[in-house]
file target12.cif (mmCIF, C-alpha atoms)
data_start
#
loop_
_atom_site.label_atom_id
_atom_site.label_comp_id
_atom_site.auth_asym_id
_atom_site.auth_seq_id
_atom_site.Cartn_x
_atom_site.Cartn_y
_atom_site.Cartn_z
CA MET A 189 -10.34 -88.07 -24.49
CA ASN A 190 -9.90 -90.92 -26.89
CA GLY A 191 -7.49 -92.22 -29.47
CA ASN A 192 -8.39 -90.13 -32.48
CA SER A 193 -6.74 -86.85 -33.37
CA LEU A 194 -9.38 -84.45 -32.01
CA THR A 195 -9.46 -83.18 -28.47
CA CYS A 196 -12.66 -82.63 -26.51
CA ASP A 197 -13.90 -79.14 -27.27
CA ASP A 198 -17.28 -77.66 -26.27
CA GLN A 199 -17.01 -74.96 -28.93
CA LEU A 200 -16.69 -77.61 -31.64
CA LEU A 201 -19.66 -79.49 -30.24
CA LEU A 202 -21.74 -76.31 -30.15
CA ALA A 203 -20.73 -75.39 -33.70
CA MET A 204 -21.76 -78.84 -34.87
CA LEU A 205 -25.07 -78.58 -33.01
CA ARG A 206 -25.69 -75.33 -34.88
CA GLU A 207 -24.68 -77.10 -38.11
CA GLU A 208 -21.90 -74.60 -38.69
CA LEU A 209 -18.98 -76.99 -39.29
CA PRO A 210 -17.66 -77.79 -42.78
CA ARG A 211 -18.28 -81.35 -43.93
CA ASP A 212 -14.73 -82.63 -43.32
CA ALA A 213 -14.52 -81.17 -39.84
CA GLY A 214 -17.96 -82.52 -39.10
CA ASP A 215 -16.94 -86.04 -40.11
CA ASP A 216 -13.88 -85.87 -37.87
CA LEU A 217 -15.99 -84.71 -34.95
CA LEU A 218 -18.59 -87.43 -35.52
CA ALA A 219 -15.81 -90.03 -35.40
CA HIS A 220 -14.47 -88.49 -32.20
CA VAL A 221 -17.84 -88.37 -30.47
CA GLU A 222 -18.60 -91.97 -31.38
CA THR A 223 -15.65 -93.14 -29.28
CA CYS A 224 -15.59 -90.42 -26.60
CA THR A 225 -18.05 -90.92 -23.76
CA LEU A 226 -17.08 -87.54 -22.29
CA CYS A 227 -18.24 -85.73 -25.42
CA GLN A 228 -21.36 -87.88 -25.62
CA GLN A 229 -22.25 -86.69 -22.11
CA ARG A 230 -21.24 -83.09 -22.89
CA LEU A 231 -23.64 -83.09 -25.83
CA ASN A 232 -26.44 -83.84 -23.39
CA ASP A 233 -25.25 -81.34 -20.79
CA LEU A 234 -24.71 -78.49 -23.24
CA VAL A 235 -28.39 -78.36 -24.21
CA ALA A 236 -30.17 -79.32 -20.97
CA SER A 237 -29.66 -80.57 -17.44
CA GLY A 238 -30.16 -84.22 -16.57
CA ASP A 239 -33.39 -83.28 -14.81
CA GLU A 240 -34.68 -81.50 -17.91
CA TRP A 241 -33.95 -84.53 -20.10
CA LYS A 242 -35.89 -86.72 -17.65
CA ARG A 243 -38.81 -84.29 -17.36
CA ALA A 244 -39.05 -84.03 -21.14
CA ALA A 245 -39.04 -87.81 -21.53
CA ALA A 246 -41.66 -88.24 -18.80
CA ALA A 247 -43.89 -85.56 -20.33
CA ILE A 248 -43.59 -86.73 -23.91
CA SER A 249 -44.00 -90.42 -23.14
CA SER A 250 -47.11 -89.67 -21.06
CA GLY A 251 -48.93 -88.14 -24.04
CA ALA A 252 -51.03 -90.01 -26.54
CA ARG A 253 -50.71 -87.53 -29.38
CA LEU A 254 -47.13 -88.35 -30.32
CA ASP A 255 -46.84 -91.53 -32.33
CA LYS A 256 -43.96 -93.91 -31.84
CA VAL A 257 -41.49 -94.62 -34.60
CA PRO A 258 -42.97 -97.33 -36.87
CA GLN A 259 -41.08 -100.62 -36.61
CA MET B 114 -63.39 -83.64 -26.12
CA ASN B 115 -64.88 -80.36 -27.28
CA ASN B 116 -62.69 -77.30 -27.32
CA PRO B 117 -63.38 -75.95 -23.84
CA HIS B 118 -63.13 -72.28 -24.66
CA THR B 119 -65.49 -71.99 -27.61
CA ALA B 120 -68.47 -71.28 -25.37
CA THR B 121 -66.81 -68.41 -23.57
CA ARG B 122 -64.51 -67.01 -26.26
CA ALA B 123 -67.04 -64.80 -28.04
CA SER B 124 -68.05 -62.88 -24.93
CA LEU B 125 -64.42 -62.68 -23.83
CA ILE B 126 -63.28 -61.06 -27.07
CA LEU B 127 -65.76 -58.25 -26.46
CA ARG B 128 -63.98 -57.49 -23.19
CA LEU B 129 -60.37 -58.05 -24.22
CA GLN B 130 -59.25 -55.14 -26.35
CA ASP B 131 -55.69 -56.37 -26.78
CA ALA B 132 -55.18 -58.93 -29.57
CA GLU B 133 -52.23 -60.38 -27.66
CA ASP B 134 -54.49 -61.07 -24.71
CA VAL B 135 -56.97 -62.86 -26.98
CA ALA B 136 -54.11 -64.95 -28.38
CA ALA B 137 -52.91 -65.66 -24.83
CA TRP B 138 -56.41 -66.81 -23.89
CA ASP B 139 -56.64 -69.11 -26.92
CA GLU B 140 -53.24 -70.65 -26.26
CA PHE B 141 -53.86 -70.98 -22.55
CA ALA B 142 -57.28 -72.56 -23.00
CA ALA B 143 -55.94 -75.06 -25.54
CA ILE B 144 -53.34 -76.20 -23.03
CA TYR B 145 -55.12 -75.84 -19.70
CA GLY B 146 -58.41 -77.46 -20.76
CA PRO B 147 -56.80 -80.88 -21.25
CA VAL B 148 -54.83 -80.35 -18.02
CA ILE B 149 -58.02 -79.98 -15.95
CA TYR B 150 -59.65 -82.85 -17.82
CA ARG B 151 -56.76 -85.25 -17.17
CA VAL B 152 -56.52 -84.37 -13.48
CA ALA B 153 -60.30 -84.71 -13.08
CA THR B 154 -60.48 -88.12 -14.76
CA SER B 155 -57.44 -89.32 -12.82
CA ARG B 156 -59.36 -88.43 -9.64
CA GLY B 157 -62.31 -90.62 -10.60
CA PHE B 158 -64.52 -88.18 -12.51
CA GLN B 159 -66.44 -89.63 -15.44
CA ALA B 160 -65.62 -88.11 -18.84
CA ALA B 161 -68.82 -86.04 -19.02
CA ASP B 162 -68.33 -84.70 -15.49
CA ALA B 163 -64.69 -83.86 -16.22
CA GLU B 164 -65.76 -81.96 -19.34
CA ASN B 165 -68.34 -80.05 -17.29
CA VAL B 166 -65.65 -79.07 -14.80
CA VAL B 167 -63.47 -77.79 -17.66
CA GLN B 168 -66.34 -75.74 -19.05
CA GLU B 169 -67.21 -74.31 -15.65
CA VAL B 170 -63.62 -73.38 -14.86
CA PHE B 171 -63.28 -71.50 -18.13
CA LEU B 172 -66.63 -69.81 -17.66
CA ALA B 173 -65.61 -68.70 -14.16
CA VAL B 174 -62.25 -67.44 -15.43
CA ALA B 175 -63.90 -65.56 -18.29
CA ASN B 176 -66.37 -63.98 -15.87
CA SER B 177 -63.45 -62.77 -13.74
CA VAL B 178 -61.68 -61.10 -16.64
CA ALA B 179 -63.63 -57.88 -16.09
CA LYS B 180 -62.14 -57.60 -12.59
CA TRP B 181 -58.65 -58.14 -13.97
CA LEU B 182 -59.20 -55.45 -16.61
CA GLU B 183 -60.23 -52.95 -13.94
CA ARG B 184 -57.05 -53.43 -11.91
CA ASN B 185 -54.37 -50.78 -12.19
CA ASP B 186 -51.64 -53.30 -11.35
CA LYS B 187 -52.99 -56.08 -13.50
CA GLY B 188 -49.65 -57.18 -14.93
CA ARG B 189 -49.48 -59.73 -17.70
CA PHE B 190 -52.57 -61.68 -18.65
CA ARG B 191 -51.33 -65.27 -18.72
CA PRO B 192 -49.87 -65.49 -15.19
CA TRP B 193 -53.20 -64.22 -13.93
CA LEU B 194 -55.03 -66.76 -16.11
CA LEU B 195 -52.90 -69.63 -14.82
CA ARG B 196 -53.37 -68.62 -11.19
CA ILE B 197 -57.10 -68.12 -11.32
CA ALA B 198 -57.73 -71.20 -13.47
CA ARG B 199 -55.77 -73.33 -11.01
CA ASN B 200 -57.76 -71.94 -8.07
CA GLU B 201 -61.09 -72.40 -9.84
CA ALA B 202 -60.15 -75.95 -10.87
CA VAL B 203 -59.16 -76.89 -7.32
CA ASP B 204 -62.39 -75.36 -5.99
CA MET B 205 -64.57 -77.18 -8.48
CA LEU B 206 -62.80 -80.51 -8.22
CA THR B 207 -63.10 -80.50 -4.45
CA GLU B 208 -66.67 -79.17 -4.46
CA ARG B 209 -67.83 -81.71 -7.03
CA ALA B 210 -66.12 -84.50 -5.19
CA THR B 211 -68.04 -83.80 -1.99
CA ARG B 212 -71.54 -83.69 -3.43
CA PRO B 213 -73.53 -86.25 -5.41
CA LEU B 214 -73.02 -86.02 -9.14
CA GLY B 215 -76.42 -87.48 -10.02
CA ARG B 216 -78.59 -90.43 -9.27
CA ASP B 217 -75.61 -92.71 -8.69
CA GLY B 218 -74.77 -92.07 -5.05
CA SER B 219 -72.11 -94.74 -5.06
CA ALA B 220 -70.15 -92.85 -7.71
CA ALA B 221 -70.08 -89.77 -5.50
CA GLU B 222 -68.98 -91.86 -2.58
CA ARG B 223 -66.16 -93.44 -4.59
CA ILE B 224 -64.87 -90.04 -5.67
CA PHE B 225 -65.08 -88.76 -2.11
CA VAL B 226 -62.79 -91.58 -0.97
CA ASN B 227 -60.24 -90.46 -3.56
CA LEU B 228 -60.59 -86.79 -2.65
CA PRO B 229 -57.08 -85.34 -2.40
CA ALA B 230 -55.96 -82.37 -0.34
CA ARG B 231 -56.09 -79.00 -2.10
CA ASP B 232 -52.31 -78.79 -2.14
CA GLU B 233 -52.04 -82.16 -3.80
CA LEU B 234 -54.62 -81.18 -6.41
CA SER B 235 -52.80 -77.94 -7.07
CA GLY B 236 -49.52 -79.83 -7.45
CA ALA B 237 -51.14 -82.34 -9.80
CA LEU B 238 -52.49 -79.51 -11.96
CA ASP B 239 -49.06 -77.85 -12.09
CA LEU B 240 -47.32 -81.13 -13.00
CA GLN B 241 -49.88 -81.88 -15.70
CA TYR B 242 -49.50 -78.32 -16.99
CA GLU B 243 -45.72 -78.67 -17.25
CA ARG B 244 -46.08 -81.97 -19.07
CA THR B 245 -48.63 -80.52 -21.45
CA VAL B 246 -46.34 -77.59 -22.28
CA PHE B 247 -43.48 -80.04 -22.92
CA ARG B 248 -45.72 -82.11 -25.19
CA TRP B 249 -46.89 -78.99 -27.02
CA ALA B 250 -43.25 -77.97 -27.57
CA ALA B 251 -42.35 -81.48 -28.72
CA GLU B 252 -45.17 -81.40 -31.27
CA GLN B 253 -43.87 -78.09 -32.64
CA VAL B 254 -40.36 -79.49 -32.92
CA ARG B 255 -41.42 -82.75 -34.51
CA GLU B 256 -43.26 -80.82 -37.21
CA SER B 257 -40.25 -78.59 -37.89
CA VAL B 258 -37.33 -81.05 -38.07
CA ALA B 259 -36.46 -83.87 -40.47
CA GLU B 260 -38.09 -87.16 -39.59
CA HIS B 261 -34.79 -88.95 -38.87
CA THR B 262 -33.78 -86.11 -36.52
CA TRP B 263 -36.95 -86.53 -34.49
CA ASP B 264 -36.61 -90.32 -34.59
CA ALA B 265 -33.07 -90.09 -33.17
CA PHE B 266 -34.50 -88.24 -30.15
CA TRP B 267 -37.47 -90.54 -29.80
CA LEU B 268 -35.58 -93.81 -30.02
CA THR B 269 -32.86 -92.81 -27.55
CA ASN B 270 -34.62 -90.52 -25.07
CA ILE B 271 -38.14 -91.98 -25.04
CA GLU B 272 -37.59 -95.63 -25.96
CA GLY B 273 -34.17 -95.75 -24.27
CA LEU B 274 -32.23 -97.37 -27.10
CA PRO B 275 -28.43 -96.99 -27.13
CA ALA B 276 -27.23 -94.62 -29.86
CA THR B 277 -25.62 -97.50 -31.75
CA GLU B 278 -28.92 -99.39 -31.96
CA ALA B 279 -30.83 -96.26 -32.96
CA ALA B 280 -28.21 -95.63 -35.64
CA ALA B 281 -28.63 -99.15 -37.01
CA ARG B 282 -32.41 -98.73 -37.02
CA LEU B 283 -32.19 -95.39 -38.82
CA LYS B 284 -29.35 -96.47 -41.12
CA THR B 285 -26.98 -93.71 -40.07
CA ARG B 286 -23.81 -93.45 -38.01
CA PRO B 287 -24.05 -93.17 -34.20
CA GLY B 288 -22.42 -89.75 -34.19
CA ASN B 289 -25.39 -88.33 -36.05
CA ILE B 290 -27.72 -89.75 -33.41
CA TYR B 291 -25.91 -87.94 -30.56
CA PHE B 292 -26.13 -84.60 -32.35
CA ALA B 293 -29.65 -85.02 -33.67
CA ARG B 294 -31.15 -85.89 -30.29
CA SER B 295 -29.43 -82.91 -28.66
CA ARG B 296 -30.66 -80.57 -31.41
CA VAL B 297 -34.22 -81.75 -30.74
CA MET B 298 -33.86 -81.35 -26.97
CA ALA B 299 -32.35 -77.89 -27.36
CA ARG B 300 -35.29 -76.80 -29.50
CA ILE B 301 -37.88 -78.27 -27.12
CA LYS B 302 -36.26 -76.53 -24.18
CA GLU B 303 -36.12 -73.25 -26.06
CA LEU B 304 -39.85 -73.41 -26.84
CA VAL B 305 -40.77 -74.38 -23.26
CA GLU B 306 -38.72 -71.47 -21.90
CA ARG B 307 -40.17 -69.06 -24.43
CA PHE B 308 -43.67 -70.19 -23.41
CA GLY B 309 -42.75 -69.59 -19.77
CA ASP B 310 -41.22 -66.20 -20.52
CA ARG B 311 -44.49 -65.01 -21.95
CA GLN B 312 -46.15 -65.75 -18.63
#

call {"tool": "encode", "arguments": {"input": "target12.cif", "output": "C-alpha coordinates"}}
result
Amino acid sequence: MNGNSLTCDDQLLLAMLREELPRDAGDDLLAHVETCTLCQQRLNDLVASGDEWKRAAAAISSGARLDKVPQ
Amino acid sequence: MNNPHTATRASLILRLQDAEDVAAWDEFAAIYGPVIYRVATSRGFQAADAENVVQEVFLAVANSVAKWLERNDKGRFRPWLLRIARNEAVDMLTERATRPLGRDGSAAERIFVNLPARDELSGALDLQYERTVFRWAAEQVRESVAEHTWDAFWLTNIEGLPATEAAARLKTRPGNIYFARSRVMARIKELVERFGDRQ
(Lines of atoms letter the chains of each structure in order from A and count residues from 1; the text may use other names and numbers.)
(Lines give C-alpha, C1' and ligand atoms only; values in the text may rest on other atoms or scores of the structure.)
Protein backbone atom coordinates (compact mmCIF):
# COMPACT_ATOMS: atom_id res chain seq x y z
CA MET A 1 0.00 0.00 0.00
CA ASN A 2 1.14 3.53 -0.55
CA GLY A 3 0.14 7.08 0.21
CA ASN A 4 -2.41 7.74 -2.49
CA SER A 5 -6.13 7.16 -2.10
CA LEU A 6 -6.41 3.79 -3.89
CA THR A 7 -5.96 0.46 -2.18
CA CYS A 8 -4.27 -2.50 -3.82
CA ASP A 9 -6.89 -4.41 -5.77
CA ASP A 10 -6.26 -7.28 -8.21
CA GLN A 11 -9.65 -6.77 -9.85
CA LEU A 12 -8.75 -3.17 -10.69
CA LEU A 13 -5.41 -4.27 -12.09
CA LEU A 14 -7.08 -6.95 -14.21
CA ALA A 15 -9.70 -4.49 -15.48
CA MET A 16 -6.95 -2.08 -16.46
CA LEU A 17 -5.01 -4.86 -18.19
CA ARG A 18 -8.15 -5.58 -20.21
CA GLU A 19 -8.47 -1.84 -20.89
CA GLU A 20 -11.89 -1.76 -19.30
CA LEU A 21 -11.43 1.16 -16.87
CA PRO A 22 -12.75 4.67 -17.59
CA ARG A 23 -10.08 7.28 -18.21
CA ASP A 24 -10.28 8.93 -14.77
CA ALA A 25 -10.13 5.65 -12.89
CA GLY A 26 -7.28 4.55 -15.12
CA ASP A 27 -5.27 7.67 -14.32
CA ASP A 28 -5.77 7.13 -10.59
CA LEU A 29 -4.64 3.53 -10.90
CA LEU A 30 -1.58 4.48 -12.95
CA ALA A 31 -0.59 6.94 -10.21
CA HIS A 32 -1.09 4.26 -7.58
CA VAL A 33 0.94 1.63 -9.42
CA GLU A 34 3.80 4.03 -10.01
CA THR A 35 4.37 4.31 -6.25
CA CYS A 36 3.24 0.84 -5.14
CA THR A 37 5.84 -1.90 -5.52
CA LEU A 38 3.29 -4.50 -4.41
CA CYS A 39 1.03 -3.70 -7.35
CA GLN A 40 4.00 -3.55 -9.71
CA GLN A 41 4.84 -7.11 -8.69
CA ARG A 42 1.18 -8.19 -8.81
CA LEU A 43 0.99 -6.98 -12.40
CA ASN A 44 3.76 -9.41 -13.25
CA ASP A 45 2.29 -12.26 -11.21
CA LEU A 46 -1.24 -11.89 -12.53
CA VAL A 47 -0.20 -12.67 -16.11
CA ALA A 48 2.65 -15.17 -15.65
CA SER A 49 4.89 -16.84 -13.11
CA GLY A 50 8.42 -15.60 -12.50
CA ASP A 51 9.73 -18.66 -14.33
CA GLU A 52 7.55 -17.91 -17.36
CA TRP A 53 8.81 -14.32 -17.52
CA LYS A 54 12.39 -15.61 -17.44
CA ARG A 55 11.77 -18.32 -20.04
CA ALA A 56 10.11 -15.81 -22.35
CA ALA A 57 13.01 -13.38 -22.00
CA ALA A 58 15.57 -16.13 -22.59
CA ALA A 59 13.71 -17.40 -25.66
CA ILE A 60 13.07 -14.02 -27.22
CA SER A 61 16.55 -12.64 -26.59
CA SER A 62 18.09 -15.79 -28.11
CA GLY A 63 16.40 -15.18 -31.47
CA ALA A 64 17.77 -13.11 -34.29
CA ARG A 65 14.46 -12.33 -35.96
CA LEU A 66 13.24 -9.80 -33.42
CA ASP A 67 14.87 -6.42 -33.81
CA LYS A 68 15.80 -4.32 -30.83
CA VAL A 69 14.21 -0.95 -30.21
CA PRO A 70 16.10 1.66 -32.28
CA GLN A 71 18.08 4.07 -30.10
CA MET B 1 17.94 -21.80 -45.16
CA ASN B 2 15.44 -23.39 -47.51
CA ASN B 3 12.03 -24.25 -46.18
CA PRO B 4 12.63 -27.81 -45.03
CA HIS B 5 9.23 -29.20 -45.81
CA THR B 6 8.76 -28.13 -49.42
CA ALA B 7 10.35 -31.31 -50.74
CA THR B 8 8.07 -33.61 -48.81
CA ARG B 9 4.87 -31.55 -48.60
CA ALA B 10 3.41 -32.48 -51.99
CA SER B 11 3.55 -36.22 -51.38
CA LEU B 12 2.32 -35.74 -47.83
CA ILE B 13 -0.80 -33.86 -48.91
CA LEU B 14 -1.79 -36.85 -51.02
CA ARG B 15 -1.81 -38.98 -47.87
CA LEU B 16 -3.29 -36.51 -45.39
CA GLN B 17 -6.99 -36.18 -46.07
CA ASP B 18 -7.66 -33.80 -43.20
CA ALA B 19 -6.94 -30.12 -43.94
CA GLU B 20 -6.22 -29.55 -40.25
CA ASP B 21 -3.50 -32.18 -40.39
CA VAL B 22 -1.95 -30.47 -43.41
CA ALA B 23 -2.01 -27.16 -41.52
CA ALA B 24 -0.49 -28.87 -38.48
CA TRP B 25 2.28 -30.26 -40.66
CA ASP B 26 3.01 -26.84 -42.19
CA GLU B 27 3.11 -25.14 -38.80
CA PHE B 28 5.15 -27.89 -37.22
CA ALA B 29 7.67 -27.99 -40.05
CA ALA B 30 8.10 -24.20 -39.98
CA ILE B 31 8.97 -24.38 -36.29
CA TYR B 32 10.78 -27.70 -35.98
CA GLY B 33 13.04 -27.28 -39.02
CA PRO B 34 14.94 -24.37 -37.46
CA VAL B 35 15.01 -26.26 -34.15
CA ILE B 36 16.89 -29.20 -35.69
CA TYR B 37 19.13 -26.85 -37.64
CA ARG B 38 20.14 -24.84 -34.55
CA VAL B 39 20.83 -27.94 -32.46
CA ALA B 40 22.85 -29.50 -35.29
CA THR B 41 25.01 -26.41 -35.86
CA SER B 42 25.50 -25.97 -32.11
CA ARG B 43 26.89 -29.53 -32.08
CA GLY B 44 29.51 -28.73 -34.71
CA PHE B 45 27.67 -29.57 -37.94
CA GLN B 46 28.44 -27.36 -40.92
CA ALA B 47 25.48 -25.43 -42.34
CA ALA B 48 25.07 -27.70 -45.37
CA ASP B 49 25.22 -30.85 -43.22
CA ALA B 50 22.72 -29.39 -40.75
CA GLU B 51 20.35 -28.60 -43.63
CA ASN B 52 20.72 -32.17 -44.90
CA VAL B 53 19.81 -33.50 -41.46
CA VAL B 54 16.70 -31.30 -41.43
CA GLN B 55 15.67 -32.56 -44.86
CA GLU B 56 16.27 -36.18 -43.91
CA VAL B 57 14.33 -35.90 -40.66
CA PHE B 58 11.33 -34.45 -42.46
CA LEU B 59 11.55 -37.04 -45.20
CA ALA B 60 11.66 -39.83 -42.60
CA VAL B 61 8.71 -38.32 -40.72
CA ALA B 62 6.70 -37.94 -43.93
CA ASN B 63 7.44 -41.55 -44.85
CA SER B 64 6.11 -42.66 -41.47
CA VAL B 65 2.83 -40.81 -41.85
CA ALA B 66 1.26 -43.79 -43.62
CA LYS B 67 1.84 -45.93 -40.51
CA TRP B 68 0.26 -43.26 -38.32
CA LEU B 69 -2.77 -43.08 -40.62
CA GLU B 70 -3.27 -46.83 -40.37
CA ARG B 71 -3.39 -46.81 -36.57
CA ASN B 72 -6.77 -47.08 -34.90
CA ASP B 73 -5.53 -45.21 -31.83
CA LYS B 74 -3.59 -42.59 -33.72
CA GLY B 75 -4.68 -39.63 -31.59
CA ARG B 76 -3.82 -36.11 -32.61
CA PHE B 77 -1.33 -35.50 -35.38
CA ARG B 78 1.03 -32.94 -33.87
CA PRO B 79 2.04 -34.82 -30.70
CA TRP B 80 2.92 -37.74 -32.93
CA LEU B 81 4.85 -35.42 -35.26
CA LEU B 82 6.82 -33.91 -32.38
CA ARG B 83 7.68 -37.31 -30.92
CA ILE B 84 8.78 -38.94 -34.13
CA ALA B 85 10.66 -35.88 -35.38
CA ARG B 86 12.58 -35.70 -32.10
CA ASN B 87 13.49 -39.39 -32.32
CA GLU B 88 14.53 -39.13 -35.97
CA ALA B 89 16.59 -36.01 -35.24
CA VAL B 90 18.39 -37.68 -32.33
CA ASP B 91 19.05 -40.76 -34.48
CA MET B 92 20.41 -38.75 -37.37
CA LEU B 93 22.48 -36.37 -35.29
CA THR B 94 24.15 -39.24 -33.46
CA GLU B 95 24.55 -41.37 -36.60
CA ARG B 96 26.05 -38.50 -38.60
CA ALA B 97 28.35 -37.61 -35.77
CA THR B 98 29.90 -41.07 -35.69
CA ARG B 99 30.68 -41.44 -39.37
CA PRO B 100 32.78 -39.32 -41.72
CA LEU B 101 30.85 -36.53 -43.39
CA GLY B 102 33.10 -36.37 -46.45
CA ARG B 103 36.70 -36.09 -47.39
CA ASP B 104 37.54 -34.07 -44.28
CA GLY B 105 38.17 -36.75 -41.69
CA SER B 106 39.21 -34.20 -39.12
CA ALA B 107 35.77 -32.59 -39.24
CA ALA B 108 34.15 -35.92 -38.42
CA GLU B 109 36.58 -36.44 -35.60
CA ARG B 110 35.86 -32.99 -34.15
CA ILE B 111 32.12 -33.63 -34.19
CA PHE B 112 32.63 -37.03 -32.59
CA VAL B 113 34.42 -35.38 -29.67
CA ASN B 114 31.38 -33.14 -29.17
CA LEU B 115 28.93 -36.02 -29.49
CA PRO B 116 26.39 -35.67 -26.68
CA ALA B 117 24.35 -38.42 -25.06
CA ARG B 118 20.95 -39.10 -26.63
CA ASP B 119 19.18 -37.73 -23.57
CA GLU B 120 21.12 -34.50 -23.77
CA LEU B 121 20.35 -34.16 -27.47
CA SER B 122 16.68 -34.81 -26.82
CA GLY B 123 16.69 -32.20 -24.05
CA ALA B 124 18.44 -29.69 -26.30
CA LEU B 125 15.83 -30.24 -29.02
CA ASP B 126 12.99 -29.76 -26.51
CA LEU B 127 14.55 -26.57 -25.10
CA GLN B 128 15.13 -25.17 -28.58
CA TYR B 129 11.55 -26.11 -29.50
CA GLU B 130 10.15 -24.25 -26.48
CA ARG B 131 12.23 -21.20 -27.30
CA THR B 132 11.15 -21.28 -30.92
CA VAL B 133 7.48 -21.44 -29.92
CA PHE B 134 8.00 -18.48 -27.56
CA ARG B 135 9.69 -16.52 -30.35
CA TRP B 136 6.89 -17.41 -32.78
CA ALA B 137 4.32 -16.18 -30.23
CA ALA B 138 6.32 -13.01 -29.61
CA GLU B 139 6.39 -12.29 -33.34
CA GLN B 140 2.61 -12.66 -33.52
CA VAL B 141 2.15 -10.31 -30.57
CA ARG B 142 4.60 -7.72 -31.84
CA GLU B 143 2.70 -7.55 -35.12
CA SER B 144 -0.65 -7.16 -33.35
CA VAL B 145 0.04 -4.51 -30.70
CA ALA B 146 0.99 -0.83 -30.88
CA GLU B 147 4.70 -0.23 -31.25
CA HIS B 148 5.06 1.53 -27.88
CA THR B 149 3.30 -1.40 -26.18
CA TRP B 150 5.80 -3.86 -27.61
CA ASP B 151 8.69 -1.51 -26.82
CA ALA B 152 7.61 -1.31 -23.17
CA PHE B 153 7.93 -5.11 -22.95
CA TRP B 154 11.19 -5.21 -24.86
CA LEU B 155 12.96 -2.47 -22.95
CA THR B 156 12.02 -3.78 -19.51
CA ASN B 157 11.91 -7.56 -19.92
CA ILE B 158 14.58 -8.11 -22.59
CA GLU B 159 16.93 -5.16 -22.10
CA GLY B 160 16.30 -5.01 -18.35
CA LEU B 161 15.63 -1.28 -18.07
CA PRO B 162 13.72 -0.01 -15.01
CA ALA B 163 10.19 1.10 -15.88
CA THR B 164 11.07 4.73 -15.17
CA GLU B 165 13.90 4.67 -17.72
CA ALA B 166 11.75 2.90 -20.30
CA ALA B 167 9.05 5.50 -19.72
CA ALA B 168 11.52 8.33 -20.30
CA ARG B 169 12.75 6.64 -23.47
CA LEU B 170 9.22 6.14 -24.77
CA LYS B 171 7.96 9.53 -23.54
CA THR B 172 5.17 8.12 -21.42
CA ARG B 173 4.47 7.69 -17.72
CA PRO B 174 5.90 4.67 -15.87
CA GLY B 175 2.45 3.35 -15.02
CA ASN B 176 1.78 2.76 -18.70
CA ILE B 177 4.99 0.74 -18.95
CA TYR B 178 3.93 -1.66 -16.17
CA PHE B 179 0.58 -2.34 -17.81
CA ALA B 180 1.85 -2.50 -21.38
CA ARG B 181 4.57 -5.04 -20.62
CA SER B 182 2.10 -7.25 -18.75
CA ARG B 183 -0.41 -7.05 -21.61
CA VAL B 184 2.31 -8.25 -24.00
CA MET B 185 3.38 -11.08 -21.69
CA ALA B 186 -0.22 -12.18 -21.17
CA ARG B 187 -0.75 -12.37 -24.92
CA ILE B 188 2.51 -14.27 -25.53
CA LYS B 189 1.62 -16.77 -22.83
CA GLU B 190 -1.87 -17.21 -24.24
CA LEU B 191 -0.49 -17.99 -27.71
CA VAL B 192 2.14 -20.40 -26.35
CA GLU B 193 -0.52 -22.25 -24.34
CA ARG B 194 -2.90 -22.33 -27.28
CA PHE B 195 -0.10 -23.78 -29.43
CA GLY B 196 0.51 -26.41 -26.77
CA ASP B 197 -3.18 -27.20 -26.42
CA ARG B 198 -3.37 -28.10 -30.06
CA GLN B 199 -0.71 -30.73 -29.50

call {"tool": "atom_distance", "arguments": {"input": "target12.cif", "atom1": "atom CA of B:Ala137", "atom2": "atom CA of B:Ala153"}}
result
23.6 Å

call {"tool": "residues_around", "arguments": {"input": "target12.cif", "residues": "A:Ile248", "least_positions_apart": "3", "cutoff": "7 Å", "atoms": "all atoms listed in the file", "output": "PDB file with C-alpha atoms, in the coordinates of the input"}}
result
ATOM      1  CA  ALA A 244     -39.050 -84.030 -21.140  1.00  0.00           C
ATOM      2  CA  ALA A 245     -39.040 -87.810 -21.530  1.00  0.00           C
ATOM      3  CA  GLY A 251     -48.930 -88.140 -24.040  1.00  0.00           C
TER       4      GLY A 251
ATOM      5  CA  PHE B 247     -43.480 -80.040 -22.920  1.00  0.00           C
ATOM      6  CA  ARG B 248     -45.720 -82.110 -25.190  1.00  0.00           C
TER       7      ARG B 248
END

call {"tool": "atom_distance", "arguments": {"input": "target12.cif", "atom1": "atom CA of A:Thr195", "atom2": "atom CA of A:Val221"}}
result
10.1 Å

call {"tool": "resolve_selection", "arguments": {"input": "target12.cif", "expression": "the PyMOL selection byres ((chain B and resi 264-278) around 10)", "output": "number ranges by chain"}}
result
A: 222, 228, 241-242, 244-249, 254-258; B: 255, 258-263, 279-298

call {"tool": "atom_distance", "arguments": {"input": "target12.cif", "atom1": "atom CA of B:Ala173", "atom2": "atom CA of B:Val135"}}
result
16.5 Å

call {"tool": "resolve_selection", "arguments": {"input": "target12.cif", "expression": "the PyMOL selection byres ((chain B and resi 196) around 12)", "output": "PyMOL selection string"}}
result
chain B and resi 141+145+170+174+177+189-195+197-203+235+238-239+242+312

call {"tool": "closest_residue", "arguments": {"input": "target12.cif", "among": "A:Leu205, A:Ser193, A:Ser237, A:Ala213", "to": "chain B", "atoms": "all atoms listed in the file"}}
result
A:Leu205

call {"tool": "residues_around", "arguments": {"input": "target12.cif", "residues": "A:Leu234", "least_positions_apart": "4", "cutoff": "10 Å", "atoms": "all atoms listed in the file", "output": "MDAnalysis selection string"}}
result
(chainID A and resid 198 201:202 205 227 229:230) or (chainID B and resid 295 299)

call {"tool": "write_last_selection", "arguments": {"input": "target12.cif", "atoms": "C-alpha atoms", "output": "CSV table (one decimal), keeping the file's coordinate frame"}}
result
chain,number,residue,atom,x,y,z
A,198,ASP,CA,-17.3,-77.7,-26.3
A,201,LEU,CA,-19.7,-79.5,-30.2
A,202,LEU,CA,-21.7,-76.3,-30.2
A,205,LEU,CA,-25.1,-78.6,-33.0
A,227,CYS,CA,-18.2,-85.7,-25.4
A,229,GLN,CA,-22.2,-86.7,-22.1
A,230,ARG,CA,-21.2,-83.1,-22.9
B,295,SER,CA,-29.4,-82.9,-28.7
B,299,ALA,CA,-32.4,-77.9,-27.4

call {"tool": "closest_residue", "arguments": {"input": "target12.cif", "among": "B:Glu169, B:Glu306, B:Asp139, B:Glu252", "to": "chain A", "atoms": "all atoms listed in the file"}}
result
B:Glu252

call {"tool": "closest_residue", "arguments": {"input": "target12.cif", "among": "A:Ser250, A:Cys224, A:Asp233, A:Leu218", "to": "chain B", "atoms": "all atoms listed in the file"}}
result
A:Leu218
